[in-house]
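The next block is coords_32.cif, given as mmCIF, C-alpha atoms.
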```
data_work
#
loop_
_atom_site.group_PDB
_atom_site.id
_atom_site.type_symbol
_atom_site.label_atom_id
_atom_site.label_comp_id
_atom_site.auth_asym_id
_atom_site.auth_seq_id
_atom_site.Cartn_x
_atom_site.Cartn_y
_atom_site.Cartn_z
ATOM 1 C CA MET J 1 21.607 22.690 -0.305
ATOM 2 C CA ARG J 2 19.764 23.210 2.968
ATOM 3 C CA THR J 3 17.232 25.481 1.183
ATOM 4 C CA PHE J 4 16.666 22.890 -1.549
ATOM 5 C CA VAL J 5 16.019 20.134 0.996
ATOM 6 C CA PHE J 6 13.577 22.365 2.885
ATOM 7 C CA LEU J 7 11.659 23.245 -0.296
ATOM 8 C CA LEU J 8 11.545 19.587 -1.351
ATOM 9 C CA PHE J 9 10.182 18.599 2.063
ATOM 10 C CA PHE J 10 7.582 21.407 1.920
ATOM 11 C CA CYS J 11 6.390 20.351 -1.546
ATOM 12 C CA LEU J 12 6.138 16.695 -0.574
ATOM 13 C CA ALA J 13 4.237 17.602 2.599
ATOM 14 C CA ALA J 14 1.778 19.733 0.632
ATOM 15 C CA LEU J 15 1.303 16.957 -1.928
ATOM 16 C CA PHE J 16 0.655 14.396 0.796
ATOM 17 C CA SER J 17 -1.788 16.746 2.524
ATOM 18 C CA ARG J 18 -3.841 17.070 -0.652
ATOM 19 C CA ALA J 19 -3.661 13.363 -1.447
ATOM 20 C CA GLN J 20 -4.934 12.197 1.944
ATOM 21 C CA TYR J 21 -8.465 13.498 1.277
ATOM 22 C CA PHE J 22 -10.855 11.917 -1.180
ATOM 23 C CA GLU J 23 -11.740 13.930 -4.280
ATOM 24 C CA GLY J 24 -14.083 12.513 -6.870
ATOM 25 C CA LYS J 25 -17.471 10.894 -7.433
ATOM 26 C CA VAL J 26 -19.644 8.423 -5.545
ATOM 27 C CA ILE J 27 -22.807 6.841 -6.960
ATOM 28 C CA TYR J 28 -25.429 5.751 -4.438
ATOM 29 C CA ARG J 29 -28.519 3.554 -4.886
ATOM 30 C CA ASN J 30 -31.512 4.593 -2.779
ATOM 31 C CA LEU J 31 -34.146 2.227 -1.392
ATOM 32 C CA VAL J 32 -36.971 3.828 0.572
ATOM 33 C CA THR J 33 -40.005 2.543 2.460
ATOM 34 C CA SER J 34 -42.804 4.944 3.350
ATOM 35 C CA LYS J 35 -44.409 4.905 6.804
ATOM 36 C CA VAL J 36 -47.078 7.433 5.825
ATOM 37 C CA PRO J 37 -50.335 5.624 4.886
ATOM 38 C CA ALA J 38 -51.266 8.122 2.159
ATOM 39 C CA LEU J 39 -47.809 7.960 0.539
ATOM 40 C CA SER J 40 -46.729 4.795 -1.304
ATOM 41 C CA ASP J 41 -43.157 3.523 -1.474
ATOM 42 C CA SER J 42 -43.045 4.156 -5.223
ATOM 43 C CA ALA J 43 -44.312 7.736 -4.884
ATOM 44 C CA LEU J 44 -41.781 8.546 -2.158
ATOM 45 C CA GLY J 45 -39.018 6.863 -4.152
ATOM 46 C CA ALA J 46 -39.876 8.939 -7.216
ATOM 47 C CA MET J 47 -39.743 12.090 -5.102
ATOM 48 C CA ILE J 48 -36.378 11.311 -3.465
ATOM 49 C CA GLY J 49 -34.836 9.543 -6.455
ATOM 50 C CA THR J 50 -33.500 6.036 -6.832
ATOM 51 C CA GLU J 51 -29.929 7.132 -7.661
ATOM 52 C CA GLU J 52 -27.628 9.873 -6.421
ATOM 53 C CA THR J 53 -24.351 10.988 -7.980
ATOM 54 C CA TYR J 54 -22.216 12.812 -5.433
ATOM 55 C CA PHE J 55 -19.127 14.927 -6.206
ATOM 56 C CA ILE J 56 -16.758 16.324 -3.563
ATOM 57 C CA LYS J 57 -13.599 18.398 -3.455
ATOM 58 C CA GLY J 58 -12.304 20.087 -0.321
ATOM 59 C CA GLY J 59 -15.175 22.062 1.195
ATOM 60 C CA PHE J 60 -17.437 21.772 -1.842
ATOM 61 C CA TYR J 61 -19.904 19.057 -2.726
ATOM 62 C CA GLN J 62 -22.651 18.560 -5.273
ATOM 63 C CA SER J 63 -25.367 15.916 -5.289
ATOM 64 C CA VAL J 64 -27.426 15.122 -8.390
ATOM 65 C CA THR J 65 -30.413 12.756 -8.249
ATOM 66 C CA ASN J 66 -33.136 11.487 -10.558
ATOM 67 C CA GLY J 67 -35.773 12.550 -8.043
ATOM 68 C CA ALA J 68 -38.809 14.698 -8.786
ATOM 69 C CA GLY J 69 -38.341 16.773 -5.628
ATOM 70 C CA PHE J 70 -34.932 18.444 -5.651
ATOM 71 C CA SER J 71 -32.690 17.161 -8.444
ATOM 72 C CA MET J 72 -29.529 19.001 -7.323
ATOM 73 C CA GLN J 73 -28.010 19.958 -3.996
ATOM 74 C CA GLN J 74 -24.753 21.891 -3.662
ATOM 75 C CA TYR J 75 -22.732 23.156 -0.696
ATOM 76 C CA ASP J 76 -20.284 26.075 -0.673
ATOM 77 C CA HIS J 77 -18.134 26.197 2.469
ATOM 78 C CA ARG J 78 -17.203 29.842 1.883
ATOM 79 C CA SER J 79 -20.753 31.109 2.322
ATOM 80 C CA ASN J 80 -21.988 28.101 4.337
ATOM 81 C CA ARG J 81 -24.977 27.959 2.033
ATOM 82 C CA LEU J 82 -26.704 24.831 0.798
ATOM 83 C CA TYR J 83 -28.301 25.289 -2.625
ATOM 84 C CA PHE J 84 -31.147 23.231 -4.096
ATOM 85 C CA LYS J 85 -32.628 23.022 -7.575
ATOM 86 C CA LYS J 86 -35.904 21.475 -8.710
ATOM 87 C CA PRO J 87 -36.151 19.688 -12.067
ATOM 88 C CA ASP J 88 -37.120 22.002 -14.939
ATOM 89 C CA VAL J 89 -37.164 25.091 -12.668
ATOM 90 C CA ASP J 90 -34.587 27.792 -13.412
ATOM 91 C CA THR J 91 -34.296 28.913 -9.789
ATOM 92 C CA LEU J 92 -31.783 28.146 -7.065
ATOM 93 C CA TYR J 93 -33.192 27.766 -3.558
ATOM 94 C CA TRP J 94 -30.805 28.054 -0.625
ATOM 95 C CA VAL J 95 -30.710 27.628 3.137
ATOM 96 C CA ASP J 96 -28.257 28.647 5.826
ATOM 97 C CA ALA J 97 -26.373 25.408 6.479
ATOM 98 C CA GLY J 98 -25.568 26.619 9.981
ATOM 99 C CA LYS J 99 -29.125 25.873 11.102
ATOM 100 C CA SER J 100 -30.521 22.458 11.995
ATOM 101 C CA GLY J 101 -33.764 21.493 13.658
ATOM 102 C CA ASP J 102 -32.858 17.896 14.491
ATOM 103 C CA LYS J 103 -29.795 17.785 16.724
ATOM 104 C CA PRO J 104 -28.071 14.568 17.910
ATOM 105 C CA ILE J 105 -29.104 13.274 21.326
ATOM 106 C CA SER J 106 -26.666 10.375 21.573
ATOM 107 C CA TYR J 107 -24.289 8.328 19.452
ATOM 108 C CA GLU J 108 -22.136 5.221 19.428
ATOM 109 C CA THR J 109 -19.475 3.767 17.149
ATOM 110 C CA ARG J 110 -19.450 0.136 16.014
ATOM 111 C CA GLU J 111 -16.275 -1.320 14.551
ATOM 112 C CA ASP J 112 -16.305 -3.578 11.484
ATOM 113 C CA ALA J 113 -20.078 -3.212 11.195
ATOM 114 C CA GLU J 114 -20.627 -3.952 7.501
ATOM 115 C CA LEU J 115 -18.928 -4.704 4.184
ATOM 116 C CA VAL J 116 -19.670 -2.196 1.381
ATOM 117 C CA LEU J 117 -18.001 -2.422 -2.054
ATOM 118 C CA GLY J 118 -15.557 -4.877 -0.539
ATOM 119 C CA LYS J 119 -14.475 -2.346 2.119
ATOM 120 C CA ARG J 120 -14.877 -3.066 5.812
ATOM 121 C CA CYS J 121 -16.828 -0.201 7.338
ATOM 122 C CA ASP J 122 -17.233 1.066 10.869
ATOM 123 C CA ALA J 123 -20.609 2.561 11.783
ATOM 124 C CA LEU J 124 -21.598 5.768 13.545
ATOM 125 C CA VAL J 125 -25.089 5.364 15.016
ATOM 126 C CA VAL J 126 -26.719 8.714 15.770
ATOM 127 C CA GLN J 127 -29.965 9.116 17.716
ATOM 128 C CA THR J 128 -31.990 12.316 17.276
ATOM 129 C CA ALA J 129 -35.416 13.416 18.448
ATOM 130 C CA THR J 130 -37.003 12.178 15.213
ATOM 131 C CA GLY J 131 -35.208 8.865 14.685
ATOM 132 C CA THR J 132 -31.922 7.068 14.051
ATOM 133 C CA THR J 133 -29.282 7.552 11.386
ATOM 134 C CA VAL J 134 -26.447 5.081 10.786
ATOM 135 C CA PHE J 135 -23.385 6.094 8.753
ATOM 136 C CA TYR J 136 -21.132 3.304 7.472
ATOM 137 C CA TYR J 137 -17.669 4.592 6.578
ATOM 138 C CA SER J 138 -14.191 3.449 5.566
ATOM 139 C CA GLN J 139 -10.985 5.297 6.465
ATOM 140 C CA ARG J 140 -10.011 4.913 2.825
ATOM 141 C CA TYR J 141 -12.363 7.779 1.903
ATOM 142 C CA ARG J 142 -11.344 10.563 4.250
ATOM 143 C CA ILE J 143 -12.472 14.165 3.809
ATOM 144 C CA ASP J 144 -11.339 17.446 5.374
ATOM 145 C CA ALA J 145 -13.788 17.647 8.288
ATOM 146 C CA ALA J 146 -12.618 21.159 9.205
ATOM 147 C CA MET J 147 -14.223 22.423 5.995
ATOM 148 C CA PHE J 148 -17.679 21.342 7.197
ATOM 149 C CA MET J 149 -17.685 22.351 10.858
ATOM 150 C CA LYS J 150 -20.327 25.057 10.195
ATOM 151 C CA HIS J 151 -22.527 22.647 8.220
ATOM 152 C CA GLU J 152 -25.054 21.862 10.955
ATOM 153 C CA TYR J 153 -27.873 21.207 8.444
ATOM 154 C CA GLY J 154 -28.715 17.510 8.344
ATOM 155 C CA GLY J 155 -26.207 16.841 11.133
ATOM 156 C CA TRP J 156 -23.323 16.871 8.617
ATOM 157 C CA ALA J 157 -20.866 18.731 10.879
ATOM 158 C CA PHE J 158 -21.489 16.243 13.682
ATOM 159 C CA TYR J 159 -21.058 13.239 11.419
ATOM 160 C CA VAL J 160 -17.834 14.311 9.699
ATOM 161 C CA GLY J 161 -16.498 15.620 13.002
ATOM 162 C CA LYS J 162 -16.801 12.123 14.483
ATOM 163 C CA THR J 163 -15.659 10.116 11.448
ATOM 164 C CA GLY J 164 -13.703 12.365 9.073
ATOM 165 C CA CYS J 165 -15.003 10.229 6.206
ATOM 166 C CA LEU J 166 -17.631 10.006 3.505
ATOM 167 C CA PRO J 167 -20.310 7.388 4.108
ATOM 168 C CA LEU J 168 -20.405 4.349 1.850
ATOM 169 C CA LYS J 169 -23.855 3.622 3.217
ATOM 170 C CA THR J 170 -26.414 5.656 5.142
ATOM 171 C CA VAL J 171 -29.541 4.291 6.826
ATOM 172 C CA ILE J 172 -32.180 6.735 8.077
ATOM 173 C CA ASP J 173 -35.139 5.475 10.078
ATOM 174 C CA ASN J 174 -37.863 7.716 11.502
ATOM 175 C CA ASP J 175 -41.642 7.833 11.801
ATOM 176 C CA LYS J 176 -42.041 9.002 8.168
ATOM 177 C CA PHE J 177 -39.775 6.631 6.214
ATOM 178 C CA HIS J 178 -36.904 4.141 6.171
ATOM 179 C CA LEU J 179 -34.146 5.008 3.691
ATOM 180 C CA GLU J 180 -31.026 3.055 2.712
ATOM 181 C CA SER J 181 -28.511 4.796 0.474
ATOM 182 C CA THR J 182 -25.643 2.502 -0.567
ATOM 183 C CA ALA J 183 -22.601 3.277 -2.706
ATOM 184 C CA THR J 184 -22.415 1.235 -5.907
ATOM 185 C CA GLU J 185 -19.328 2.962 -7.346
ATOM 186 C CA VAL J 186 -16.530 5.186 -6.018
ATOM 187 C CA LEU J 187 -14.247 6.954 -8.490
ATOM 188 C CA GLU J 188 -11.335 9.267 -7.692
ATOM 189 C CA LEU J 189 -11.358 12.305 -9.995
ATOM 190 C CA GLU J 190 -9.570 15.627 -10.209
ATOM 191 C CA LEU J 191 -12.313 18.250 -10.113
ATOM 192 C CA LYS J 192 -11.796 21.918 -10.909
ATOM 193 C CA ASP J 193 -13.141 24.522 -8.498
ATOM 194 C CA SER J 194 -15.196 25.889 -11.393
ATOM 195 C CA PHE J 195 -17.187 22.629 -11.359
ATOM 196 C CA PHE J 196 -18.830 23.877 -8.162
ATOM 197 C CA ALA J 197 -19.436 27.444 -9.361
ATOM 198 C CA ILE J 198 -22.864 28.829 -8.439
ATOM 199 C CA SER J 199 -24.776 30.366 -11.344
ATOM 200 C CA THR J 200 -24.752 34.182 -11.283
ATOM 201 C CA THR J 201 -27.641 34.474 -13.739
ATOM 202 C CA MET J 202 -30.142 32.089 -12.167
ATOM 203 C CA PRO J 203 -32.582 33.657 -9.635
ATOM 204 C CA GLN J 204 -31.969 32.702 -6.012
ATOM 205 C CA VAL J 205 -34.633 32.263 -3.333
ATOM 206 C CA HIS J 206 -33.852 31.981 0.389
ATOM 207 C CA LEU J 207 -35.797 29.155 2.048
ATOM 208 C CA LYS J 208 -36.395 30.083 5.688
#
```

Structure rendered as structure tokens:
Amino acid sequence: MRTFVFLLFFCLAALFSRAQYFEGKVIYRNLVTSKVPALSDSALGAMIGTEETYFIKGGFYQSVTNGAGFSMQQYDHRSNRLYFKKPDVDTLYWVDAGKSGDKPISYETREDAELVLGKRCDALVVQTATGTTVFYYSQRYRIDAAMFMKHEYGGWAFYVGKTGCLPLKTVIDNDKFHLESTATEVLELELKDSFFAISTTMPQVHLK
């Protein structure tokens, strides 16, 4: 009887542990304003993409956009590599996600800063050498921050280390552009690990 109770408790604890982290899909709408005179808002928007579909499970994520620059971005926590793909190019480009050239200088947290998709969001305001990034997040969409502690690229390790959540809205402002990426839909899904499998046949190029 004691063994049965222990096993039941262990199973329930494992189930709860898995259930407390968000797994699924988020769709973001991007609005961008160029600050470069030779680059119009429409041209920059076409490059970045007006919509992003983001999938996450554990220490994996994949981002797909309708942009003309990089149409896919994928992270593998096991190798700490961040992969990119350009539209109509059968090559995977990758970077070491442990490297970042724009480190946080200061930060602050603002409670109940904005309402996104009907969810009250706190905000993490991060100042770097190149500008300011604001992440709006809800505790309803928690992720396993420990999985991303080596992901220094783009400041991701710092952000998830401070919040433990996915952003429902991100605002980036620097001397090149102003970008607002806002969630329009959040859907919980069960994703197989194979969904995040990296192609073994596609050529890979290391971006240094």

The PyMOL selection byres ((chain J and resi 142) around 6) resolved against shown file, as a ChimeraX atom specification: /J:21-22,139-141,143,164-165

Expected selection from the PyMOL selection byres ((chain J and resi 78-88) around 10), given as number ranges by chain: J: 59-77, 89-98, 147-153, 198, 204-207

Selected residue, from J:Ala183, J:Leu191, J:Leu166, J:Met202, that lies nearest to J:Leu31 when counting only C-alpha atoms: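 Closest residue, counting only C-alpha atoms: J:Ala183.
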
Ground truth for the PyMOL selection byres ((chain J and resi 188) around 8), written as a PyMOL selection string: chain J and resi 22-25+186-187+189-190

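In this structure, atom CA of J:Ser40 sits 28.9 Å away from atom CA of J:Glu114.
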
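Here atom CA of J:Met47 is placed at a distance of 23.7 Å from atom CA of J:Thr128.
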
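Taking atom CA of J:Gly58 as the reference point, atom CA of J:Phe196 is found at 10.9 Å.
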
Neighbour list for J:Leu117 as a list in words, cut-off 12 Å, only C-alpha atoms, skip fewer than 4 positions in-chain: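 So the residues in contact are Val26, Ile27, Tyr28, Cys121, Tyr136, Tyr137, Ser138, Arg140, Pro167, Leu168, Lys169, Thr182, Ala183, Thr184, Glu185, Val186 and Leu187 of chain J.
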
Residue neighbourhood J:Phe135, 6 Å, all atoms listed in the file, exclusion window fewer than 3 positions, as an MDAnalysis selection string: chainID J and resid 123:124 167 170

Create the file for the chosen residues now, containing C-alpha atoms and written as a CSV table (one decimal), in the coordinates of the input.
```csv
chain,number,residue,atom,x,y,z
J,123,ALA,CA,-20.6,2.6,11.8
J,124,LEU,CA,-21.6,5.8,13.5
J,167,PRO,CA,-20.3,7.4,4.1
J,170,THR,CA,-26.4,5.7,5.1
```

Spatial sel., origin (-46.2, 6.6, 1.1), limit 10 Å, only C-alpha atoms, listed as a list in words: Val32, Thr33, Ser34, Lys35, Val36, Pro37, Ala38, Leu39, Ser40, Asp41, Ser42, Ala43, Leu44, Gly45, Lys176 and Phe177 of chain J

Residue with smallest distance to J:Asn174 - pool J:Phe55, J:Gln20, J:Lys103, J:Gly131, counting all atoms listed in the file: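 Closest to J:Asn174, using all atoms listed in the file: J:Gly131.
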
Is it possible to add N, CA, C and O atoms to stretch 78-99 of chain J and hand it back as a PDB file, in the coordinates of the input?
```pdb
ATOM      1  N   ARG J  78     -17.563  28.437   1.695  1.00  0.00           N
ATOM      2  CA  ARG J  78     -17.203  29.842   1.883  1.00  0.00           C
ATOM      3  C   ARG J  78     -18.379  30.668   2.395  1.00  0.00           C
ATOM      4  O   ARG J  78     -18.210  31.542   3.245  1.00  0.00           O
ATOM      5  N   SER J  79     -19.555  30.388   1.889  1.00  0.00           N
ATOM      6  CA  SER J  79     -20.753  31.109   2.322  1.00  0.00           C
ATOM      7  C   SER J  79     -21.569  30.320   3.335  1.00  0.00           C
ATOM      8  O   SER J  79     -22.492  30.859   3.948  1.00  0.00           O
ATOM      9  N   ASN J  80     -21.221  29.038   3.504  1.00  0.00           N
ATOM     10  CA  ASN J  80     -21.988  28.101   4.337  1.00  0.00           C
ATOM     11  C   ASN J  80     -23.445  28.049   3.899  1.00  0.00           C
ATOM     12  O   ASN J  80     -24.361  27.962   4.717  1.00  0.00           O
ATOM     13  N   ARG J  81     -23.639  28.088   2.596  1.00  0.00           N
ATOM     14  CA  ARG J  81     -24.977  27.959   2.033  1.00  0.00           C
ATOM     15  C   ARG J  81     -25.143  26.600   1.360  1.00  0.00           C
ATOM     16  O   ARG J  81     -24.202  26.075   0.756  1.00  0.00           O
ATOM     17  N   LEU J  82     -26.348  26.077   1.468  1.00  0.00           N
ATOM     18  CA  LEU J  82     -26.704  24.831   0.798  1.00  0.00           C
ATOM     19  C   LEU J  82     -27.763  25.169  -0.245  1.00  0.00           C
ATOM     20  O   LEU J  82     -28.837  25.682   0.090  1.00  0.00           O
ATOM     21  N   TYR J  83     -27.425  24.933  -1.515  1.00  0.00           N
ATOM     22  CA  TYR J  83     -28.301  25.289  -2.625  1.00  0.00           C
ATOM     23  C   TYR J  83     -29.073  24.064  -3.110  1.00  0.00           C
ATOM     24  O   TYR J  83     -28.552  22.951  -3.111  1.00  0.00           O
ATOM     25  N   PHE J  84     -30.300  24.294  -3.551  1.00  0.00           N
ATOM     26  CA  PHE J  84     -31.147  23.231  -4.096  1.00  0.00           C
ATOM     27  C   PHE J  84     -31.730  23.682  -5.433  1.00  0.00           C
ATOM     28  O   PHE J  84     -31.987  24.870  -5.637  1.00  0.00           O
ATOM     29  N   LYS J  85     -31.970  22.720  -6.309  1.00  0.00           N
ATOM     30  CA  LYS J  85     -32.628  23.022  -7.575  1.00  0.00           C
ATOM     31  C   LYS J  85     -33.672  21.955  -7.866  1.00  0.00           C
ATOM     32  O   LYS J  85     -33.420  20.766  -7.681  1.00  0.00           O
ATOM     33  N   LYS J  86     -34.839  22.398  -8.308  1.00  0.00           N
ATOM     34  CA  LYS J  86     -35.904  21.475  -8.710  1.00  0.00           C
ATOM     35  C   LYS J  86     -35.776  21.177 -10.191  1.00  0.00           C
ATOM     36  O   LYS J  86     -35.287  22.018 -10.959  1.00  0.00           O
ATOM     37  N   PRO J  87     -36.209  20.010 -10.634  1.00  0.00           N
ATOM     38  CA  PRO J  87     -36.151  19.688 -12.067  1.00  0.00           C
ATOM     39  C   PRO J  87     -36.977  20.692 -12.883  1.00  0.00           C
ATOM     40  O   PRO J  87     -38.077  21.071 -12.494  1.00  0.00           O
ATOM     41  N   ASP J  88     -36.414  21.132 -13.990  1.00  0.00           N
ATOM     42  CA  ASP J  88     -37.120  22.002 -14.939  1.00  0.00           C
ATOM     43  C   ASP J  88     -37.537  23.340 -14.342  1.00  0.00           C
ATOM     44  O   ASP J  88     -38.454  23.997 -14.855  1.00  0.00           O
ATOM     45  N   VAL J  89     -36.891  23.778 -13.259  1.00  0.00           N
ATOM     46  CA  VAL J  89     -37.164  25.091 -12.668  1.00  0.00           C
ATOM     47  C   VAL J  89     -35.862  25.875 -12.633  1.00  0.00           C
ATOM     48  O   VAL J  89     -34.893  25.445 -12.001  1.00  0.00           O
ATOM     49  N   ASP J  90     -35.819  27.001 -13.315  1.00  0.00           N
ATOM     50  CA  ASP J  90     -34.587  27.792 -13.412  1.00  0.00           C
ATOM     51  C   ASP J  90     -34.449  28.738 -12.216  1.00  0.00           C
ATOM     52  O   ASP J  90     -34.341  29.962 -12.360  1.00  0.00           O
ATOM     53  N   THR J  91     -34.454  28.156 -11.025  1.00  0.00           N
ATOM     54  CA  THR J  91     -34.296  28.913  -9.789  1.00  0.00           C
ATOM     55  C   THR J  91     -33.455  28.104  -8.821  1.00  0.00           C
ATOM     56  O   THR J  91     -33.611  26.892  -8.726  1.00  0.00           O
ATOM     57  N   LEU J  92     -32.556  28.790  -8.122  1.00  0.00           N
ATOM     58  CA  LEU J  92     -31.783  28.146  -7.065  1.00  0.00           C
ATOM     59  C   LEU J  92     -32.392  28.534  -5.721  1.00  0.00           C
ATOM     60  O   LEU J  92     -32.593  29.715  -5.436  1.00  0.00           O
ATOM     61  N   TYR J  93     -32.703  27.539  -4.912  1.00  0.00           N
ATOM     62  CA  TYR J  93     -33.192  27.766  -3.558  1.00  0.00           C
ATOM     63  C   TYR J  93     -32.022  27.508  -2.607  1.00  0.00           C
ATOM     64  O   TYR J  93     -31.210  26.610  -2.840  1.00  0.00           O
ATOM     65  N   TRP J  94     -31.912  28.274  -1.548  1.00  0.00           N
ATOM     66  CA  TRP J  94     -30.805  28.054  -0.625  1.00  0.00           C
ATOM     67  C   TRP J  94     -31.229  28.228   0.824  1.00  0.00           C
ATOM     68  O   TRP J  94     -32.204  28.916   1.131  1.00  0.00           O
ATOM     69  N   VAL J  95     -30.491  27.526   1.697  1.00  0.00           N
ATOM     70  CA  VAL J  95     -30.710  27.628   3.137  1.00  0.00           C
ATOM     71  C   VAL J  95     -29.373  27.905   3.809  1.00  0.00           C
ATOM     72  O   VAL J  95     -28.301  27.623   3.253  1.00  0.00           O
ATOM     73  N   ASP J  96     -29.434  28.459   4.992  1.00  0.00           N
ATOM     74  CA  ASP J  96     -28.257  28.647   5.826  1.00  0.00           C
ATOM     75  C   ASP J  96     -27.898  27.296   6.420  1.00  0.00           C
ATOM     76  O   ASP J  96     -28.641  26.745   7.240  1.00  0.00           O
ATOM     77  N   ALA J  97     -26.756  26.743   6.018  1.00  0.00           N
ATOM     78  CA  ALA J  97     -26.373  25.408   6.479  1.00  0.00           C
ATOM     79  C   ALA J  97     -25.951  25.393   7.938  1.00  0.00           C
ATOM     80  O   ALA J  97     -25.673  24.325   8.491  1.00  0.00           O
ATOM     81  N   GLY J  98     -25.920  26.554   8.565  1.00  0.00           N
ATOM     82  CA  GLY J  98     -25.568  26.619   9.981  1.00  0.00           C
ATOM     83  C   GLY J  98     -26.740  26.322  10.896  1.00  0.00           C
ATOM     84  O   GLY J  98     -26.579  26.270  12.121  1.00  0.00           O
ATOM     85  N   LYS J  99     -27.930  26.127  10.304  1.00  0.00           N
ATOM     86  CA  LYS J  99     -29.125  25.873  11.102  1.00  0.00           C
ATOM     87  C   LYS J  99     -29.580  24.428  10.937  1.00  0.00           C
ATOM     88  O   LYS J  99     -29.564  23.886   9.839  1.00  0.00           O
TER      89      LYS J  99
END
```
